[in-house]
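The file coords_10.tsv comes next; it holds TSV, C-alpha atoms.
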chain	number	residue	atom	x	y	z
A	1	MET	CA	-2.28	-43.13	-14.66
A	2	LEU	CA	-0.05	-40.15	-15.20
A	3	ALA	CA	-1.21	-37.02	-13.46
A	4	SER	CA	0.21	-33.71	-12.34
A	5	PHE	CA	-0.87	-31.05	-9.85
A	6	ASP	CA	-2.72	-29.18	-12.61
A	7	THR	CA	-4.85	-32.13	-13.58
A	8	TYR	CA	-5.62	-32.84	-9.94
A	9	ALA	CA	-6.65	-29.22	-9.49
A	10	THR	CA	-9.41	-29.48	-12.06
A	11	ALA	CA	-10.53	-33.00	-11.26
A	12	GLU	CA	-12.58	-32.39	-8.15
A	13	THR	CA	-13.41	-29.64	-5.73
A	14	ALA	CA	-12.14	-29.40	-2.17
A	15	GLU	CA	-15.66	-30.10	-0.87
A	16	SER	CA	-15.55	-33.62	-2.30
A	17	LEU	CA	-12.48	-34.62	-0.26
A	18	PRO	CA	-12.98	-37.54	2.12
A	19	PRO	CA	-12.77	-36.97	5.90
A	20	PHE	CA	-9.22	-36.67	7.21
A	21	ALA	CA	-9.39	-39.77	9.45
A	22	GLU	CA	-10.53	-41.79	6.44
A	23	VAL	CA	-7.57	-40.51	4.43
A	24	ILE	CA	-5.21	-41.69	7.17
A	25	GLU	CA	-6.85	-45.12	7.27
A	26	THR	CA	-6.71	-45.48	3.50
A	27	HIS	CA	-3.16	-44.32	2.93
A	28	LYS	CA	-1.28	-45.16	6.13
A	29	GLY	CA	0.06	-48.39	4.62
A	30	MET	CA	1.38	-46.57	1.58
A	31	VAL	CA	3.14	-43.82	3.53
A	32	TYR	CA	4.46	-46.17	6.22
A	33	SER	CA	5.77	-48.67	3.65
A	34	ILE	CA	7.64	-46.02	1.68
A	35	ALA	CA	9.37	-44.99	4.91
A	36	TRP	CA	9.87	-48.58	6.13
A	37	HIS	CA	11.36	-49.91	2.90
A	38	PHE	CA	13.60	-46.88	2.68
A	39	LEU	CA	14.79	-46.69	6.29
A	40	ARG	CA	14.42	-50.34	7.46
A	41	ASP	CA	13.64	-48.96	10.92
A	42	ARG	CA	10.05	-49.53	12.05
A	43	PRO	CA	9.83	-46.91	14.84
A	44	ALA	CA	11.50	-44.29	12.60
A	45	ALA	CA	9.21	-45.21	9.70
A	46	GLU	CA	6.10	-44.92	11.87
A	47	GLU	CA	7.24	-41.58	13.29
A	48	LEU	CA	7.98	-40.28	9.80
A	49	ALA	CA	4.59	-41.47	8.50
A	50	GLN	CA	2.83	-39.70	11.38
A	51	GLU	CA	4.73	-36.50	10.58
A	52	VAL	CA	3.69	-36.76	6.92
A	53	PHE	CA	0.00	-36.95	7.94
A	54	LEU	CA	0.47	-34.03	10.34
A	55	GLN	CA	1.91	-32.03	7.47
A	56	LEU	CA	-1.00	-33.10	5.29
A	57	HIS	CA	-3.39	-31.79	7.92
A	58	ARG	CA	-1.61	-28.43	7.89
A	59	SER	CA	-1.83	-28.32	4.08
A	60	TRP	CA	-5.37	-29.71	3.93
A	61	SER	CA	-6.89	-26.50	2.53
A	62	SER	CA	-4.64	-26.72	-0.54
A	63	MET	CA	-5.69	-30.28	-1.42
A	64	LYS	CA	-7.67	-30.41	-4.64
A	65	SER	CA	-8.78	-34.00	-4.96
A	66	ALA	CA	-8.28	-37.58	-3.73
A	67	ASP	CA	-5.65	-38.16	-6.47
A	68	HIS	CA	-3.89	-35.00	-5.45
A	69	ILE	CA	-3.71	-36.29	-1.86
A	70	VAL	CA	-2.10	-39.56	-3.03
A	71	PHE	CA	0.43	-37.70	-5.17
A	72	TRP	CA	1.17	-35.29	-2.32
A	73	LEU	CA	1.59	-38.09	0.25
A	74	ARG	CA	3.97	-40.07	-1.97
A	75	LYS	CA	6.01	-36.99	-2.76
A	76	VAL	CA	6.27	-35.73	0.82
A	77	ALA	CA	6.92	-39.22	2.24
A	78	SER	CA	9.73	-39.78	-0.31
A	79	HIS	CA	11.41	-36.46	0.35
A	80	ARG	CA	11.08	-36.77	4.11
A	81	ALA	CA	12.54	-40.28	4.07
A	82	ILE	CA	15.52	-39.12	2.01
A	83	ASP	CA	16.02	-36.12	4.30
A	84	HIS	CA	15.73	-38.31	7.38
A	85	ALA	CA	18.35	-40.74	6.07
A	86	ARG	CA	20.68	-37.90	5.15
A	87	ARG	CA	20.21	-36.20	8.51
A	88	LEU	CA	21.04	-39.30	10.48
A	89	LYS	CA	23.58	-40.53	7.95
A	90	ARG	CA	21.74	-43.77	8.38
A	91	ARG	CA	23.26	-46.88	6.90
A	92	PRO	CA	21.30	-50.04	6.19
A	93	GLU	CA	21.17	-52.10	9.34
A	94	THR	CA	22.26	-55.23	7.55
A	95	SER	CA	24.82	-55.23	4.80
A	96	LEU	CA	24.78	-57.76	2.00
A	97	GLU	CA	27.46	-59.81	3.64
A	98	GLU	CA	25.66	-59.90	7.00
A	99	ALA	CA	22.32	-61.16	5.65
A	100	ALA	CA	21.35	-64.51	7.15
A	101	GLU	CA	21.61	-67.45	4.84
A	102	PRO	CA	18.99	-70.18	4.83
A	103	THR	CA	19.91	-73.83	4.43
A	104	THR	CA	17.07	-75.08	2.26
A	105	LEU	CA	15.87	-74.03	-1.16
A	106	GLU	CA	12.23	-73.84	-0.05
A	107	ARG	CA	13.00	-71.21	2.55
A	108	VAL	CA	15.13	-69.41	0.00
A	109	HIS	CA	12.17	-68.96	-2.26
A	110	ASP	CA	9.39	-68.42	0.23
A	111	THR	CA	10.81	-66.13	2.86
A	112	PHE	CA	14.46	-65.44	2.43
A	113	LEU	CA	14.37	-64.10	-1.08
A	114	SER	CA	11.79	-61.41	-0.34
A	115	THR	CA	13.50	-60.40	2.90
A	116	TYR	CA	16.86	-60.48	1.24
A	117	LEU	CA	15.68	-58.40	-1.71
A	118	ALA	CA	14.09	-55.85	0.63
A	119	ARG	CA	17.38	-55.64	2.51
A	120	ILE	CA	19.52	-55.16	-0.56
A	121	VAL	CA	17.08	-52.51	-1.79
A	122	ALA	CA	17.72	-50.72	1.51
A	123	SER	CA	21.46	-50.88	0.79
A	124	LEU	CA	21.12	-48.97	-2.50
A	125	PRO	CA	22.13	-45.30	-2.76
A	126	GLU	CA	19.31	-42.96	-1.67
A	127	LYS	CA	17.92	-41.91	-5.05
A	128	GLN	CA	18.14	-45.40	-6.59
A	129	ARG	CA	16.48	-46.80	-3.47
A	130	MET	CA	13.56	-44.39	-3.59
A	131	VAL	CA	13.08	-44.88	-7.34
A	132	VAL	CA	12.94	-48.66	-6.84
A	133	ILE	CA	10.47	-48.33	-3.94
A	134	LEU	CA	8.16	-46.01	-5.89
A	135	ARG	CA	8.38	-48.25	-8.98
A	136	TYR	CA	7.84	-51.64	-7.35
A	137	GLN	CA	5.98	-50.85	-4.13
A	138	GLU	CA	3.75	-48.11	-5.53
A	139	GLU	CA	3.86	-49.32	-9.14
A	140	MET	CA	4.34	-45.76	-10.33
A	141	GLU	CA	5.32	-44.94	-13.90
A	142	VAL	CA	8.65	-43.29	-14.68
A	143	GLU	CA	6.97	-39.94	-15.41
A	144	GLU	CA	5.11	-40.03	-12.10
A	145	ILE	CA	8.31	-40.85	-10.21
A	146	SER	CA	10.13	-38.02	-11.96
A	147	LYS	CA	7.41	-35.58	-10.84
A	148	ALA	CA	7.37	-36.87	-7.29
A	149	LEU	CA	11.15	-36.71	-6.89
A	150	ASN	CA	11.73	-33.61	-9.05
A	151	LEU	CA	14.02	-35.54	-11.37
A	152	LYS	CA	14.16	-35.80	-15.16
A	153	ALA	CA	12.43	-38.86	-16.61
A	154	ALA	CA	15.71	-39.91	-18.25
A	155	THR	CA	17.46	-39.72	-14.87
A	156	VAL	CA	14.78	-41.89	-13.30
A	157	LYS	CA	15.16	-44.47	-16.08
A	158	THR	CA	18.94	-44.52	-15.61
A	159	LEU	CA	18.66	-44.82	-11.82
A	160	LEU	CA	16.13	-47.61	-12.18
A	161	ALA	CA	18.19	-49.55	-14.73
A	162	ARG	CA	21.35	-49.28	-12.62
A	163	ALA	CA	19.49	-50.30	-9.47
A	164	ILE	CA	17.96	-53.35	-11.13
A	165	ASP	CA	21.32	-54.44	-12.52
A	166	LEU	CA	22.93	-54.07	-9.13
A	167	LEU	CA	20.13	-55.87	-7.31
A	168	ARG	CA	20.06	-58.72	-9.85
A	169	THR	CA	23.83	-59.22	-9.66
A	170	LYS	CA	23.81	-59.26	-5.87
A	171	ALA	CA	20.79	-61.53	-5.66
A	172	GLU	CA	22.23	-64.00	-8.18
A	173	ARG	CA	25.56	-64.06	-6.41
A	174	ARG	CA	23.92	-64.72	-3.04
A	175	LEU	CA	21.40	-67.24	-4.36
A	176	GLY	CA	24.19	-69.10	-6.12
A	177	ARG	CA	26.00	-69.44	-2.81
A	178	VAL	CA	22.83	-70.54	-1.08
A	179	GLU	CA	22.13	-73.21	-3.67
A	180	ASP	CA	25.72	-74.50	-3.39
A	181	ARG	CA	25.42	-74.75	0.38
A	182	SER	CA	22.03	-76.38	0.14
A	183	GLN	CA	23.33	-79.01	-2.27
A	184	ALA	CA	26.36	-79.59	-0.06
A	185	ALA	CA	24.12	-80.00	3.00
A	186	ARG	CA	21.88	-82.44	1.12
A	187	ALA	CA	24.91	-84.44	-0.05
A	188	GLY	CA	26.19	-84.51	3.55
A	189	THR	CA	22.95	-86.02	4.90
A	190	GLU	CA	22.89	-88.62	2.09
A	191	LEU	CA	26.39	-89.72	3.02
B	192	MET	CA	7.70	-57.31	-15.93
B	193	SER	CA	10.50	-59.85	-15.62
B	194	PRO	CA	10.41	-62.64	-12.97
B	195	PHE	CA	13.08	-60.75	-11.02
B	196	GLU	CA	10.98	-57.59	-11.05
B	197	GLU	CA	7.99	-59.64	-9.90
B	198	GLU	CA	10.11	-60.88	-6.97
B	199	LEU	CA	11.06	-57.30	-6.24
B	200	ARG	CA	7.40	-56.24	-6.26
B	201	ARG	CA	6.61	-59.05	-3.79
B	202	ALA	CA	9.55	-58.05	-1.59
B	203	LEU	CA	8.39	-54.44	-1.51
B	204	LYS	CA	4.73	-55.11	-0.84
B	205	ARG	CA	2.97	-52.61	1.38
B	206	GLU	CA	2.85	-53.20	5.11
B	207	GLU	CA	0.56	-51.64	7.67
B	208	PRO	CA	1.82	-49.64	10.64
B	209	GLY	CA	0.67	-50.31	14.21
B	210	GLU	CA	-3.06	-50.54	14.94
B	211	ASP	CA	-3.12	-47.27	16.89
B	212	PHE	CA	-1.46	-45.33	14.07
B	213	THR	CA	-4.55	-43.28	13.14
B	214	ALA	CA	-5.33	-42.54	16.78
B	215	LYS	CA	-1.75	-41.37	17.33
B	216	VAL	CA	-1.89	-39.03	14.32
B	217	LEU	CA	-5.24	-37.59	15.40
B	218	ALA	CA	-3.92	-37.12	18.95
B	219	LYS	CA	-0.88	-35.27	17.60
B	220	ILE	CA	-3.15	-33.03	15.52
B	221	ALA	CA	-5.34	-32.29	18.57
B	222	GLN	CA	-2.23	-31.58	20.62
B	223	GLU	CA	-0.87	-29.28	17.93
B	224	ASN	CA	-4.17	-27.38	17.65
B	225	GLY	CA	-4.30	-27.10	21.44
B	226	SER	CA	-0.75	-25.81	21.67
B	227	ILE	CA	-1.45	-23.21	18.97
B	228	LYS	CA	-4.46	-21.96	20.98
B	229	VAL	CA	-2.42	-21.90	24.19
B	230	GLU	CA	0.37	-20.05	22.42
B	231	ARG	CA	-2.05	-17.41	21.12
B	232	ARG	CA	-3.55	-17.08	24.59
B	233	ASN	CA	-0.07	-16.68	26.09
B	234	ILE	CA	0.86	-13.95	23.63
B	235	LEU	CA	-2.35	-12.03	24.38
B	236	ALA	CA	-1.82	-12.39	28.14
B	237	HIS	CA	1.76	-11.19	27.77
B	238	LEU	CA	0.66	-8.13	25.79
B	239	ARG	CA	-2.06	-7.40	28.32
B	240	SER	CA	0.38	-7.66	31.20
B	241	LEU	CA	2.79	-5.39	29.35
B	242	VAL	CA	0.11	-2.74	28.89
B	243	LEU	CA	-1.82	-3.06	32.12
B	244	GLY	CA	0.33	-4.85	34.60
B	245	GLN	CA	3.37	-2.59	34.71
B	246	TRP	CA	2.04	0.07	37.12
B	247	GLN	CA	5.49	0.82	38.55
B	248	PHE	CA	6.33	2.55	35.28
B	249	ALA	CA	3.22	4.77	35.43
B	250	PRO	CA	4.91	7.86	37.06
B	251	ALA	CA	7.79	7.71	34.59
B	252	LEU	CA	5.33	7.40	31.71
B	253	LEU	CA	3.29	10.33	33.08
B	254	PHE	CA	6.43	12.46	33.43
B	255	LEU	CA	7.45	11.57	29.89
B	256	PHE	CA	3.98	12.46	28.67
B	257	VAL	CA	4.09	15.87	30.45
B	258	VAL	CA	7.57	16.66	29.09
B	259	VAL	CA	6.55	15.77	25.55
B	260	SER	CA	3.33	17.76	25.88
B	261	VAL	CA	5.10	20.90	27.21
B	262	PHE	CA	7.72	20.66	24.50
B	263	GLY	CA	4.99	20.27	21.87
B	264	TYR	CA	3.01	23.21	23.31
B	265	ARG	CA	6.09	25.45	23.22
B	266	GLN	CA	6.82	24.51	19.67
B	267	HIS	CA	3.25	25.30	18.76
B	268	GLN	CA	3.37	28.70	20.50
B	269	GLN	CA	6.61	29.56	18.72
B	270	THR	CA	5.05	28.72	15.40
B	271	LEU	CA	2.05	30.92	16.19
B	272	ARG	CA	4.31	33.84	17.18
B	273	GLY	CA	6.25	33.45	13.96
B	274	GLU	CA	3.05	33.48	11.93
B	275	ALA	CA	1.84	36.65	13.70
B	276	ALA	CA	5.19	38.44	13.09
B	277	LYS	CA	5.02	37.51	9.44
B	278	GLU	CA	1.49	38.89	9.18
B	279	LYS	CA	2.58	42.20	10.82
B	280	LEU	CA	5.53	42.55	8.48
B	281	LEU	CA	3.37	41.96	5.42
B	282	SER	CA	0.80	44.47	6.66
B	283	ALA	CA	3.51	47.09	7.35
B	284	MET	CA	4.95	46.59	3.89
B	285	HIS	CA	1.49	46.94	2.40
B	286	ILE	CA	0.89	50.26	4.25
B	287	ALA	CA	4.33	51.61	3.36
B	288	GLY	CA	3.73	50.73	-0.29
B	289	ALA	CA	0.40	52.59	-0.29
B	290	GLU	CA	1.93	55.70	1.31
B	291	LEU	CA	4.77	55.62	-1.18
B	292	ARG	CA	2.36	55.46	-4.10
B	293	GLU	CA	0.39	58.44	-2.64
B	294	ALA	CA	3.57	60.50	-2.27
B	295	GLN	CA	4.62	59.72	-5.83
B	296	SER	CA	1.26	60.83	-7.22
B	297	ARG	CA	1.48	64.16	-5.28
B	298	VAL	CA	4.95	64.80	-6.66
B	299	ARG	CA	3.67	64.08	-10.16
B	300	ARG	CA	0.80	66.54	-9.70
B	301	ILE	CA	3.14	69.31	-8.44
B	302	GLN	CA	5.52	68.88	-11.39
B	303	SER	CA	2.75	68.75	-13.98
B	304	PRO	CA	2.86	71.65	-16.68
B	305	GLU	CA	-0.92	71.91	-16.62
B	306	VAL	CA	-0.71	73.75	-13.34
B	307	VAL	CA	-1.41	77.42	-14.03
B	308	VAL	CA	0.35	79.97	-11.86
B	309	GLN	CA	-1.85	83.01	-11.29

Translate this structure into structure tokens?
Amino acid sequence: MLASFDTYATAETAESLPPFAEVIETHKGMVYSIAWHFLRDRPAAEELAQEVFLQLHRSWSSMKSADHIVFWLRKVASHRAIDHARRLKRRPETSLEEAAEPTTLERVHDTFLSTYLARIVASLPEKQRMVVILRYQEEMEVEEISKALNLKAATVKTLLARAIDLLRTKAERRLGRVEDRSQAARAGTEL
Amino acid sequence: MSPFEEELRRALKREEPGEDFTAKVLAKIAQENGSIKVERRNILAHLRSLVLGQWQFAPALLFLFVVVSVFGYRQHQQTLRGEAAKEKLLSAMHIAGAELREAQSRVRRIQSPEVVVQ
């Protein structure tokens, strides 16, 4: 559902907000995962998520509704993650070439592919990376992403299309290699 | 959504942070609130010590107060003297003006043709 600050403002009153501890429990996975998928550093992601909730506590009086809280958390978590990465000039811990390669097709599909995809997402440029995370982790619409990241909707669409193309090319290239190796390994055992 | 996008969605599924995450956040909030209170208390104590605790500066402050007071009193006296002088001048001018008018009227009476010489 597409929503902006204005619509949140009229949706509910501040009195109807859930208790703060409940908000943390409900949304900690969302905030932590945005940071984790972006930074690929669990301690840094947890620290960042805690800071986001601290900031939410400081801004609690300006929260208008439960939807507003979700929008606010996504927006602040995204911006903080981008700032954090820029500040540390963090690079993805594992480059495409360093990613471990499995030897069987089953593992490729069950575990490796997801891990590999998450890793290559983390190797994308900052804006593309955050757009992909908000689109596929949070299942946000383009308009919602554009509001959260202060970007034009057309820019978000372009970033998303480029990111998908890049990810698909890399994944196909790597999976092709994996399948070749798997077939070679199978042929070796048969011989 | 294409199969590749479905894979992407699976790869980017949400994960939960450590079990003590909420407790850590609440502890940080409590710590922050506590530090704000302590900071306010420190500022007040500092101000109080500035005002009340610096007795060694009391004679200097008293001297400064006396000097300022004497200077202010003198200024005030000077202003009062000026006001009084102004009042005297105005009064003198008023009297002189009245005497002048009286003299003029006498001269006019003397020179008047209606006066009959016997």

Output as a count of residues only the set of chain A residues within 10 Å of chain B, with distances taken over only C-alpha atoms.
-> 53

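CA of Leu235 (chain B) is found 21.3 Å from CA of Ala221 (chain B).
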
So which one's closest to Val70 (chain A), A:Glu126, A:Ser146, A:Val131, A:Thr26? Using all atoms listed in the file, please.
-> A:Thr26

In Å to one decimal, how far is CA of Pro125 (chain A) from CA of Ser78 (chain A)?
->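 So the two atoms, CA of Ser78 (chain A) and CA of Pro125 (chain A), lie 13.8 Å apart.
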
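The coordinates place CA of Phe38 (chain A) at 5.8 Å from CA of Ala122 (chain A).
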